[in-house]
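Data file: target-v8.txt. Format and content: compact mmCIF, C-alpha atoms.
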```txt
# COMPACT_ATOMS: atom_id res chain seq x y z
CA MET A 1 34.77 -40.71 -26.65
CA GLU A 2 37.91 -39.70 -24.79
CA PHE A 3 39.18 -36.33 -23.57
CA PRO A 4 40.64 -34.05 -24.69
CA LEU A 5 38.71 -34.02 -27.98
CA LYS A 6 40.35 -32.19 -30.88
CA ILE A 7 37.82 -29.90 -32.57
CA ALA A 8 39.96 -27.68 -34.87
CA GLN A 9 43.50 -26.81 -35.88
CA GLN A 10 45.46 -24.01 -37.55
CA LYS A 11 49.02 -22.67 -37.74
CA LYS A 12 50.69 -22.49 -34.33
CA ASN A 13 51.62 -18.81 -34.06
CA LYS A 14 48.28 -17.52 -35.30
CA GLY A 15 46.32 -20.07 -33.29
CA LEU A 16 48.11 -19.19 -30.04
CA GLU A 17 47.70 -15.46 -30.58
CA ILE A 18 43.97 -15.80 -31.20
CA TRP A 19 43.57 -18.19 -28.27
CA ASN A 20 45.20 -15.78 -25.82
CA LYS A 21 43.43 -12.65 -27.07
CA GLN A 22 40.02 -14.12 -27.77
CA PHE A 23 39.60 -16.84 -25.17
CA VAL A 24 42.09 -16.61 -22.29
CA SER A 25 41.88 -12.84 -21.71
CA THR A 26 38.06 -12.85 -21.92
CA GLY A 27 37.38 -16.05 -19.96
CA ARG A 28 35.79 -17.69 -22.98
CA TYR A 29 37.78 -20.87 -22.48
CA LEU A 30 34.70 -21.79 -20.45
CA HIS A 31 31.55 -21.81 -22.58
CA GLU A 32 28.28 -21.85 -20.65
CA GLY A 33 24.66 -21.97 -21.74
CA ILE A 34 21.35 -22.21 -19.91
CA TRP A 35 17.87 -22.77 -21.29
CA ARG A 36 14.83 -23.07 -19.05
CA ARG A 37 11.43 -23.97 -20.43
CA THR A 38 8.46 -23.86 -18.07
CA GLN A 39 4.71 -24.20 -18.52
CA ALA A 40 2.63 -21.28 -17.31
CA LYS A 41 -0.31 -19.16 -18.35
CA GLU A 42 2.05 -16.34 -19.29
CA ASN A 43 3.66 -18.44 -22.07
CA LYS A 44 0.72 -20.69 -22.99
CA ASN A 45 1.29 -20.35 -26.75
CA GLU A 46 4.87 -21.62 -26.56
CA SER A 47 4.41 -24.10 -23.70
CA LYS A 48 0.92 -25.44 -24.54
CA TRP A 49 -0.28 -24.64 -21.02
CA LYS A 50 -4.00 -25.30 -20.60
CA SER A 51 -4.63 -25.40 -16.86
CA GLU A 52 -2.93 -25.19 -13.48
CA LYS A 53 -2.22 -28.91 -13.80
CA ASP A 54 0.31 -28.12 -16.53
CA ARG A 55 3.54 -27.42 -14.66
CA ARG A 56 6.12 -29.18 -16.82
CA TRP A 57 9.59 -27.81 -17.09
CA ARG A 58 12.80 -28.69 -18.89
CA VAL A 59 16.19 -27.23 -18.02
CA VAL A 60 19.38 -27.61 -20.05
CA HIS A 61 22.63 -26.30 -18.58
CA PHE A 62 26.03 -26.94 -20.13
CA ILE A 63 29.57 -25.84 -19.40
CA ASP A 64 32.38 -26.74 -21.81
CA ASN A 65 36.05 -26.32 -20.91
CA TYR A 66 38.49 -25.59 -23.76
CA ASP A 67 42.26 -25.60 -24.06
CA ILE A 68 44.94 -25.51 -26.73
CA ALA A 69 47.89 -27.78 -27.50
CA CYS A 70 50.72 -27.41 -30.00
CA LYS A 71 52.23 -30.13 -32.12
CA GLY A 72 55.12 -28.92 -34.22
CA LYS A 73 53.87 -25.95 -36.24
CA ILE A 74 50.20 -26.74 -35.59
CA ALA A 75 47.93 -25.48 -32.79
CA GLU A 76 45.00 -27.70 -31.89
CA LEU A 77 41.82 -26.46 -30.21
CA LEU A 78 40.67 -29.01 -27.63
CA LEU A 79 37.50 -29.71 -25.73
CA LYS A 80 39.04 -30.54 -22.37
CA GLY A 81 35.95 -31.24 -20.26
CA VAL A 82 32.15 -31.11 -20.28
CA TYR A 83 29.27 -30.72 -17.87
CA LEU A 84 25.66 -31.17 -19.01
CA LYS A 85 22.46 -31.10 -16.99
CA ILE A 86 19.10 -32.12 -18.45
CA ASN A 87 16.33 -31.76 -15.89
CA HIS A 88 12.61 -32.46 -16.32
CA SER A 89 9.57 -32.03 -14.14
CA LEU A 90 6.76 -34.12 -15.62
CA PRO A 91 3.53 -35.91 -14.71
CA LYS A 92 4.50 -39.21 -13.11
CA HIS A 93 3.54 -41.39 -16.08
CA GLU A 94 5.47 -39.15 -18.52
CA ALA A 95 8.53 -39.14 -16.28
CA GLU A 96 8.54 -42.91 -15.99
CA LYS A 97 8.11 -43.24 -19.75
CA ILE A 98 11.10 -41.01 -20.57
CA PHE A 99 13.22 -42.81 -17.95
CA LYS A 100 12.44 -46.15 -19.64
CA LYS A 101 13.37 -44.61 -22.99
CA MET A 102 16.75 -43.55 -21.62
CA VAL A 103 17.40 -46.99 -20.17
CA ALA A 104 16.48 -48.56 -23.51
CA SER A 105 19.00 -46.33 -25.30
CA LEU A 106 21.75 -47.56 -22.97
CA LYS A 107 20.77 -51.18 -23.56
CA ASN A 108 20.64 -50.69 -27.33
CA LYS A 109 24.26 -49.47 -27.25
CA ASN A 110 25.28 -52.32 -24.92
CA ILE A 111 26.29 -49.84 -22.24
CA THR A 112 26.55 -51.38 -18.81
CA TYR A 113 24.86 -49.43 -16.04
CA LYS A 114 24.49 -49.74 -12.28
CA THR A 115 21.19 -49.34 -10.48
CA THR A 116 21.28 -46.69 -7.76
CA LYS A 117 18.85 -45.66 -5.04
CA GLN A 118 17.12 -43.14 -7.30
CA GLY A 119 18.07 -44.30 -10.78
CA LEU A 120 21.28 -45.43 -12.46
CA SER A 121 24.87 -44.58 -13.30
CA ALA A 122 26.95 -45.54 -16.31
CA SER A 123 30.17 -44.78 -18.17
CA LEU A 124 30.66 -44.30 -21.88
CA GLY A 125 34.31 -43.81 -22.78
CA GLY A 126 35.33 -40.65 -20.99
CA LEU A 127 31.75 -39.70 -20.07
CA LYS A 128 30.12 -40.37 -16.72
CA ILE A 129 26.33 -40.56 -16.69
CA LYS A 130 23.88 -40.26 -13.82
CA ILE A 131 20.11 -40.46 -14.19
CA ASN A 132 17.80 -39.98 -11.23
CA ILE A 133 14.00 -40.13 -11.15
CA PHE A 134 12.39 -38.94 -7.94
CA LYS A 135 9.81 -36.87 -6.14
CA PRO A 136 11.68 -34.02 -4.40
CA LYS A 137 11.45 -33.98 -0.63
CA SER A 138 10.00 -30.85 0.94
CA GLU A 139 13.44 -29.46 1.80
CA GLU A 140 14.69 -30.10 -1.75
CA VAL A 141 11.81 -28.20 -3.35
CA LYS A 142 13.38 -24.95 -2.12
CA LYS A 143 16.27 -25.55 -4.53
CA TYR A 144 13.93 -26.00 -7.48
CA LEU A 145 10.32 -24.93 -7.96
CA PRO A 146 7.21 -26.43 -6.37
CA ILE A 147 5.86 -29.32 -8.43
CA PRO A 148 2.38 -30.90 -8.34
CA TYR A 149 1.86 -33.96 -6.13
CA ASP A 150 1.48 -36.27 -9.13
CA TYR A 151 4.72 -35.11 -10.82
CA LYS A 152 8.23 -36.54 -10.76
CA MET A 153 11.59 -35.10 -11.68
CA ILE A 154 14.16 -36.67 -13.98
CA ASP A 155 17.68 -35.37 -13.51
CA VAL A 156 20.38 -36.31 -16.03
CA GLU A 157 24.00 -35.31 -15.43
CA ILE A 158 26.75 -36.00 -17.95
CA THR A 159 30.35 -35.09 -17.16
CA GLY A 160 33.69 -35.89 -18.71
CA GLY A 161 37.31 -34.82 -18.80
CA ASN A 162 38.66 -31.85 -16.88
CA ILE A 163 35.64 -30.09 -15.41
CA ASN A 164 34.74 -28.97 -11.90
CA VAL A 165 31.33 -27.41 -11.34
CA LYS A 166 30.41 -26.33 -7.83
CA ASN A 167 26.91 -27.03 -6.53
CA GLU A 168 26.12 -23.30 -6.40
CA ARG A 169 26.75 -23.01 -10.11
CA LYS A 170 24.66 -26.09 -10.86
CA TYR A 171 21.64 -24.26 -9.44
CA TYR A 172 21.99 -21.14 -11.61
CA PRO A 173 19.07 -22.24 -13.85
CA TRP A 174 16.63 -22.31 -10.94
CA LYS A 175 17.84 -18.98 -9.61
CA ILE A 176 17.10 -17.55 -13.05
CA ILE A 177 13.67 -19.20 -13.20
CA LYS A 178 12.77 -17.76 -9.80
CA LYS A 179 13.40 -14.25 -11.11
CA GLY A 180 10.16 -14.70 -13.07
CA PHE A 181 9.15 -14.25 -16.67
CA ARG A 182 10.60 -11.70 -19.01
CA ILE A 183 7.76 -9.30 -19.80
CA PRO A 184 8.12 -7.92 -23.36
CA LEU A 185 7.95 -4.16 -23.64
CA GLN A 186 5.13 -2.57 -25.58
CA LYS A 187 6.32 -1.50 -29.03
CA GLY A 188 6.70 2.25 -29.35
CA HIS A 189 6.71 4.63 -32.30
CA SER A 190 10.21 4.44 -33.73
CA LYS A 191 11.52 6.11 -36.86
CA TYR A 192 13.06 4.33 -39.86
CA VAL A 193 15.92 6.10 -41.67
CA LYS A 194 17.82 5.19 -44.84
CA HIS A 195 20.89 7.41 -44.80
CA VAL A 196 23.90 7.62 -42.52
CA SER A 197 23.51 11.41 -42.48
CA ASP A 198 20.31 10.89 -40.47
CA ILE A 199 22.23 9.50 -37.48
CA LEU A 200 25.60 11.31 -37.62
CA LYS A 201 24.33 14.06 -35.32
CA TYR A 202 24.16 11.42 -32.58
CA GLN A 203 27.88 10.65 -32.68
CA PRO A 204 30.00 9.57 -30.88
CA PHE A 205 28.33 6.16 -30.72
CA GLN A 206 28.75 3.43 -28.18
CA ILE A 207 27.96 0.02 -29.63
CA GLU A 208 25.89 -2.90 -28.46
CA LEU A 209 26.78 -5.81 -30.72
CA GLY A 210 24.62 -8.79 -31.61
CA CYS A 211 25.26 -11.79 -33.83
CA GLY A 212 24.99 -10.11 -37.26
CA PRO A 213 28.70 -9.28 -37.71
CA SER A 214 29.62 -12.73 -36.38
CA THR A 215 27.47 -14.56 -38.91
CA GLU A 216 29.10 -12.51 -41.66
CA THR A 217 32.42 -14.13 -40.70
CA GLY A 218 30.94 -17.64 -40.75
CA VAL A 219 30.10 -18.08 -37.05
CA TYR A 220 26.72 -19.71 -36.43
CA PRO A 221 24.09 -17.73 -34.50
CA LEU A 222 22.84 -18.75 -31.06
CA SER A 223 19.83 -20.49 -32.62
CA TYR A 224 22.22 -23.20 -33.80
CA LEU A 225 22.65 -24.22 -30.17
CA HIS A 226 18.86 -24.16 -29.73
CA LYS A 227 18.78 -26.89 -32.36
CA ILE A 228 21.70 -28.86 -30.90
CA TYR A 229 20.30 -28.84 -27.36
CA GLN A 230 16.70 -29.26 -28.55
CA THR A 231 15.24 -26.32 -26.67
CA THR A 232 12.43 -25.40 -29.07
CA ASN A 233 10.57 -27.10 -31.91
CA VAL A 234 10.60 -25.73 -35.44
CA ASN A 235 7.11 -24.35 -34.77
CA LYS A 236 8.54 -22.35 -31.81
CA THR A 237 6.87 -24.47 -29.11
CA PHE A 238 8.81 -25.83 -26.15
CA ILE A 239 10.13 -29.40 -26.01
CA PHE A 240 9.06 -31.45 -23.01
CA GLY A 241 9.17 -35.11 -21.96
CA ASN A 242 9.11 -37.76 -24.65
CA ASP A 243 9.79 -35.19 -27.40
CA ASP A 244 13.24 -34.68 -25.90
CA ASN A 245 15.82 -36.89 -27.65
CA LEU A 246 18.94 -35.06 -26.49
CA PHE A 247 20.15 -37.86 -24.24
CA GLU A 248 19.65 -40.49 -26.95
CA THR A 249 21.48 -38.30 -29.49
CA ILE A 250 24.52 -38.03 -27.20
CA ILE A 251 24.55 -41.75 -26.41
CA GLU A 252 24.34 -42.70 -30.07
CA ASN A 253 27.66 -41.01 -30.88
CA PRO A 254 29.19 -38.73 -28.22
CA SER A 255 32.11 -37.57 -30.38
CA ASN A 256 29.81 -36.52 -33.22
CA PHE A 257 27.53 -34.72 -30.80
CA TYR A 258 30.33 -32.73 -29.21
CA LEU A 259 31.95 -31.91 -32.54
CA SER A 260 28.59 -30.36 -33.45
CA ALA A 261 27.94 -28.77 -30.06
CA THR A 262 31.34 -27.00 -30.10
CA LYS A 263 30.96 -25.68 -33.64
CA ILE A 264 30.43 -22.05 -32.62
CA ILE A 265 33.66 -22.07 -30.61
CA SER A 266 35.75 -23.73 -33.33
CA GLN A 267 34.28 -21.33 -35.93
CA SER A 268 35.11 -18.38 -33.66
CA TRP A 269 38.73 -19.49 -33.28
CA LEU A 270 39.09 -19.97 -37.05
CA ALA A 271 37.13 -16.84 -38.06
CA LYS A 272 38.73 -14.05 -40.08
CA PRO A 273 37.32 -10.68 -38.98
CA ASN A 274 37.95 -9.02 -42.33
CA SER A 275 34.34 -8.11 -43.18
CA SER A 276 33.41 -4.55 -44.11
CA PHE A 277 31.87 -4.07 -40.69
CA TYR A 278 34.94 -5.03 -38.67
CA LYS A 279 37.17 -2.90 -40.91
CA TRP A 280 34.82 0.04 -40.36
CA LEU A 281 34.67 -0.58 -36.60
CA LYS A 282 38.45 -0.40 -36.25
CA ARG A 283 38.54 2.90 -38.17
CA ALA A 284 35.56 4.28 -36.26
CA TYR A 285 37.07 3.47 -32.88
CA LYS A 286 40.43 4.95 -33.84
CA SER A 287 38.82 8.18 -35.10
CA GLY A 288 36.56 8.59 -32.05
CA LEU A 289 33.33 8.01 -33.95
CA VAL A 290 32.84 5.00 -31.64
CA VAL A 291 33.75 5.28 -27.96
CA GLY A 292 33.75 3.10 -24.86
CA PRO A 293 33.74 -0.69 -24.68
CA VAL A 294 31.67 -2.61 -27.21
CA ILE A 295 28.82 -4.19 -25.24
CA THR A 296 28.16 -7.72 -26.44
CA ASN A 297 26.58 -11.02 -25.50
CA ASN A 298 28.30 -12.87 -28.34
CA TYR A 299 30.08 -16.13 -27.62
CA ASP A 300 32.78 -15.57 -30.24
CA GLY A 301 34.89 -12.80 -28.68
CA ILE A 302 36.07 -11.52 -32.07
CA ILE A 303 36.04 -7.92 -30.77
CA SER A 304 38.97 -8.79 -28.50
CA ARG A 305 41.18 -9.34 -31.58
CA LEU A 306 40.64 -5.79 -32.82
CA GLY A 307 42.23 -3.97 -29.92
CA ILE A 308 38.86 -2.54 -28.86
CA PRO A 309 37.69 -2.91 -25.23
CA GLU A 310 34.69 -5.16 -24.71
CA LEU A 311 32.00 -5.45 -22.04
CA TYR A 312 30.77 -9.06 -22.18
CA VAL A 313 27.29 -9.29 -20.65
CA ARG A 314 26.44 -12.95 -21.15
CA LYS A 315 27.54 -13.89 -17.65
CA PHE A 316 25.13 -15.79 -15.44
CA THR A 317 27.02 -14.65 -12.32
CA ASP A 318 26.17 -10.99 -13.02
CA GLN A 319 22.61 -10.66 -11.75
CA PHE A 320 21.92 -13.75 -13.88
CA LEU A 321 20.97 -11.70 -16.94
CA THR A 322 23.00 -8.58 -17.52
CA PRO A 323 25.15 -6.27 -15.38
CA LYS A 324 24.45 -2.59 -14.84
CA ILE A 325 25.81 -0.56 -17.73
CA LYS A 326 27.90 2.56 -17.27
CA PHE A 327 28.20 4.24 -20.65
CA ASN A 328 31.11 6.32 -21.89
CA LYS A 329 30.66 9.98 -20.94
CA LYS A 330 31.33 11.10 -24.52
CA ALA A 331 28.67 8.82 -26.06
CA LYS A 332 25.51 10.51 -27.39
CA SER A 333 23.84 7.30 -28.57
CA LEU A 334 23.78 3.55 -28.30
CA LEU A 335 24.18 1.93 -31.71
CA VAL A 336 22.52 -1.49 -31.42
CA ILE A 337 23.79 -3.71 -34.21
CA GLY A 338 21.93 -6.99 -34.61
CA SER A 339 20.90 -7.46 -30.97
CA HIS A 340 17.35 -8.40 -30.02
CA ALA A 341 15.02 -8.95 -27.07
CA ASP A 342 17.22 -10.66 -24.52
CA ARG A 343 19.57 -7.67 -24.23
CA ARG A 344 16.81 -5.03 -23.98
CA LEU A 345 18.05 -4.08 -20.48
CA VAL A 346 21.13 -2.54 -22.05
CA GLN A 347 18.92 -0.36 -24.23
CA GLN A 348 16.67 0.58 -21.32
CA SER A 349 19.73 1.64 -19.36
CA ALA A 350 20.88 3.80 -22.29
CA ARG A 351 17.52 5.59 -22.48
CA LYS A 352 17.60 6.30 -18.74
CA GLN A 353 21.01 7.92 -19.24
CA ASN A 354 19.63 10.08 -22.10
CA LEU A 355 21.38 8.26 -24.95
CA LYS A 356 19.63 7.97 -28.29
CA VAL A 357 19.00 4.32 -29.17
CA ILE A 358 19.67 3.48 -32.83
CA PHE A 359 19.08 -0.02 -34.18
CA VAL A 360 21.03 -1.31 -37.18
CA ASP A 361 19.24 -4.48 -38.16
CA PRO A 362 17.97 -6.12 -41.38
CA GLU A 363 14.92 -7.39 -39.43
CA GLU A 364 15.41 -10.82 -40.86
CA TYR A 365 17.10 -13.88 -39.49
CA ILE A 366 19.25 -16.34 -41.43
CA ASP A 367 19.79 -19.69 -39.72
CA ASP A 368 22.85 -21.92 -40.00
CA SER A 369 21.41 -23.59 -43.11
CA GLY A 370 21.13 -20.23 -44.89
CA LYS A 371 17.33 -20.02 -44.72
CA SER A 372 15.89 -16.55 -44.14
CA PHE A 373 13.04 -15.68 -41.77
CA PRO A 374 11.41 -12.33 -40.87
CA TYR A 375 12.67 -11.19 -37.46
CA LYS A 376 11.33 -7.82 -36.37
CA ILE A 377 12.99 -5.87 -33.60
CA GLU A 378 10.82 -6.78 -30.64
CA ALA A 379 10.08 -3.51 -28.90
CA PRO A 380 11.77 -0.35 -30.13
CA GLN A 381 10.52 2.60 -28.09
CA ASN A 382 9.31 6.09 -28.86
CA ASN A 383 12.06 8.23 -30.39
CA ASP A 384 14.28 5.22 -31.22
CA ILE A 385 15.74 5.09 -34.72
CA ILE A 386 15.94 2.02 -36.98
CA PHE A 387 18.44 1.74 -39.83
CA LYS A 388 17.21 -1.36 -41.65
CA SER A 389 20.44 -2.94 -42.88
CA SER A 390 22.96 -5.68 -42.31
CA ALA A 391 26.10 -4.72 -40.39
CA SER A 392 28.45 -4.66 -43.40
CA VAL A 393 26.05 -2.83 -45.73
CA PHE A 394 25.63 -0.22 -43.01
CA ALA A 395 29.41 0.08 -42.62
CA GLU A 396 29.89 0.42 -46.37
CA SER A 397 27.53 3.40 -46.43
CA PHE A 398 29.97 5.53 -44.41
```

Represent the structure of the file as structure tokens.
Amino acid sequence: MEFPLKIAQQKKNKGLEIWNKQFVSTGRYLHEGIWRRTQAKENKNESKWKSEKDRRWRVVHFIDNYDIACKGKIAELLLKGVYLKINHSLPKHEAEKIFKKMVASLKNKNITYKTTKQGLSASLGGLKIKINIFKPKSEEVKKYLPIPYDYKMIDVEITGGNINVKNERKYYPWKIIKKGFRIPLQKGHSKYVKHVSDILKYQPFQIELGCGPSTETGVYPLSYLHKIYQTTNVNKTFIFGNDDNLFETIIENPSNFYLSATKIISQSWLAKPNSSFYKWLKRAYKSGLVVGPVITNNYDGIISRLGIPELYVRKFTDQFLTPKIKFNKKAKSLLVIGSHADRRLVQQSARKQNLKVIFVDPEEYIDDSGKSFPYKIEAPQNNDIIFKSSASVFAESF
């Protein structure tokens, strides 16, 4: 695999316009994701924690750098550089076993590697690979989390192309972990409504946007990346140790892996926001039915194409979860369209500022294969309203 890697193409003028509006102006030319999976009593069902001896963790942190190039009348979307961290804390025998598995995968692909003080280093085309296995020294533990005496850490770092990640940014995952567990709110007594007339008295709306409208335009939901980066099993339990095959998947065929891992970005660049919802949103914003920036944690940035201001809250530099929200003074309600538990702080902020919280959500989830699963809104509160509908069906009811 060599960089830059071409991941999509379209006509030059359109491609450049979308690139500048959707990626350059919003900072989405860098795509970052962090998943941290830890064992503790608080998440024993997902992590299979049984006793204080169970202190496994697995961290995945990636940053992809994108760019665009033009050839004649064609614009090409390029993956210019990558950074990937896979970090485990495991019982010593499990750590040594997974390290041997990684070494075996390099040997099976005839990849030459050099032994280092703590592990090995290797190159695969344009990728540089470092694998360390070690027991953190007392001063190093402060950067991570305390681990039991009989545990070891495995730290995998894969980089390639044009990427520069400062050490401070590399430690974002542990800063997030140290903030503690997200405690789900208790579910309140919300009210279901079926007609638009039931919510019109709460206009103007300010919108918090989840993935529903994006999936309607063909952009995969975030759960697609959960599958790619192997963060959770199909039975919703965490992946630790020998069950993790992410490194082996990358080594087997790096180009195929990154063509898959960048799918959400290429789909976003190629997407056509002509669904009923986006048509309604443009009209609603122009008429004053919707006010203020659209609050979103979506990777795609499609809102930026519509001429509507956006407040992008998936930024790990902003308090590591979500920034403080200052709502538009004209807004009477927060219309939450397809956004679930991880953005609940936006909704809590709205309630504190006396906005009515209205959820528009089908309460089902459709994965990238088209399979449907029940997906209830996690914790609507007393006096919240739920309009059980997809984004476009809701828009068509106006």

Next on the checklist: For a quick check of your reading of the model, name the residues lying within 10 Å of the coordinate (31.9, -45.6, -23.8), counting all atoms listed in the file, and write them as JSON, numbers by chain.
Outcome noted: {"A": [1, 2, 109, 110, 111, 112, 122, 123, 124, 125, 126, 127, 128, 251, 253, 254]}

Checklist entry - How many Å separate CA of Pro293 in chain A from CA of Glu310 in chain A? => result 4.6 Å

Item to check | Exercise: Lys71 in chain A partners within 12 Å, only C-alpha atoms, chain neighbours under 2 positions left out, as a list in words | outcome: Gln9, Gln10, Lys11, Lys12, Asn13, Gly15, Leu16, Ile68, Ala69, Lys73, Ile74, Ala75, Glu76 and Leu77 of chain A

Using the selection just defined, write its residues with C-alpha atoms as an mmCIF file, keeping the file's coordinate frame.
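File produced: out07.cif:
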```cif
data_model
loop_
_atom_site.group_PDB
_atom_site.id
_atom_site.type_symbol
_atom_site.label_atom_id
_atom_site.label_comp_id
_atom_site.auth_asym_id
_atom_site.auth_seq_id
_atom_site.Cartn_x
_atom_site.Cartn_y
_atom_site.Cartn_z
ATOM 1 C CA GLN A 9 43.500 -26.810 -35.880
ATOM 2 C CA GLN A 10 45.460 -24.010 -37.550
ATOM 3 C CA LYS A 11 49.020 -22.670 -37.740
ATOM 4 C CA LYS A 12 50.690 -22.490 -34.330
ATOM 5 C CA ASN A 13 51.620 -18.810 -34.060
ATOM 6 C CA GLY A 15 46.320 -20.070 -33.290
ATOM 7 C CA LEU A 16 48.110 -19.190 -30.040
ATOM 8 C CA ILE A 68 44.940 -25.510 -26.730
ATOM 9 C CA ALA A 69 47.890 -27.780 -27.500
ATOM 10 C CA LYS A 73 53.870 -25.950 -36.240
ATOM 11 C CA ILE A 74 50.200 -26.740 -35.590
ATOM 12 C CA ALA A 75 47.930 -25.480 -32.790
ATOM 13 C CA GLU A 76 45.000 -27.700 -31.890
ATOM 14 C CA LEU A 77 41.820 -26.460 -30.210
#
```

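Among the candidates A:Gly241, A:Gly218, A:Gly292, A:Pro204, the one nearest to Lys272 in chain A when counting all atoms listed in the file is A:Gly218.
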
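Residue nearest Lys326 in chain A, chosen from A:Gln230, A:Ser255, A:Ser397, A:Gln206 and counting only C-alpha atoms: A:Gln206.
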
Item to check | For CA of Ser339 in chain A and CA of Tyr312 in chain A, the interatomic separation in Å (one decimal) | outcome: 13.3 Å

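If you count all atoms listed in the file and ignore residues fewer than 6 places along the chain from range 43-49 of chain A, what sits within 10 Å of it is A:Arg37, A:Arg55, A:Arg56, A:Trp57, A:Phe181, A:Thr232, A:Asn233, A:Asn235, A:Lys236, A:Thr237, A:Phe238, A:Ile239, A:Phe240.
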
Checklist entry - In terms of the shortest atom-to-atom distance over only C-alpha atoms, which of A:Ile377, A:Ile302, A:Val196, A:Leu259 is closest to Ala395 in chain A? => result A:Val196

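Going from CA of His195 in chain A to CA of Lys388 in chain A covers 10.0 Å.
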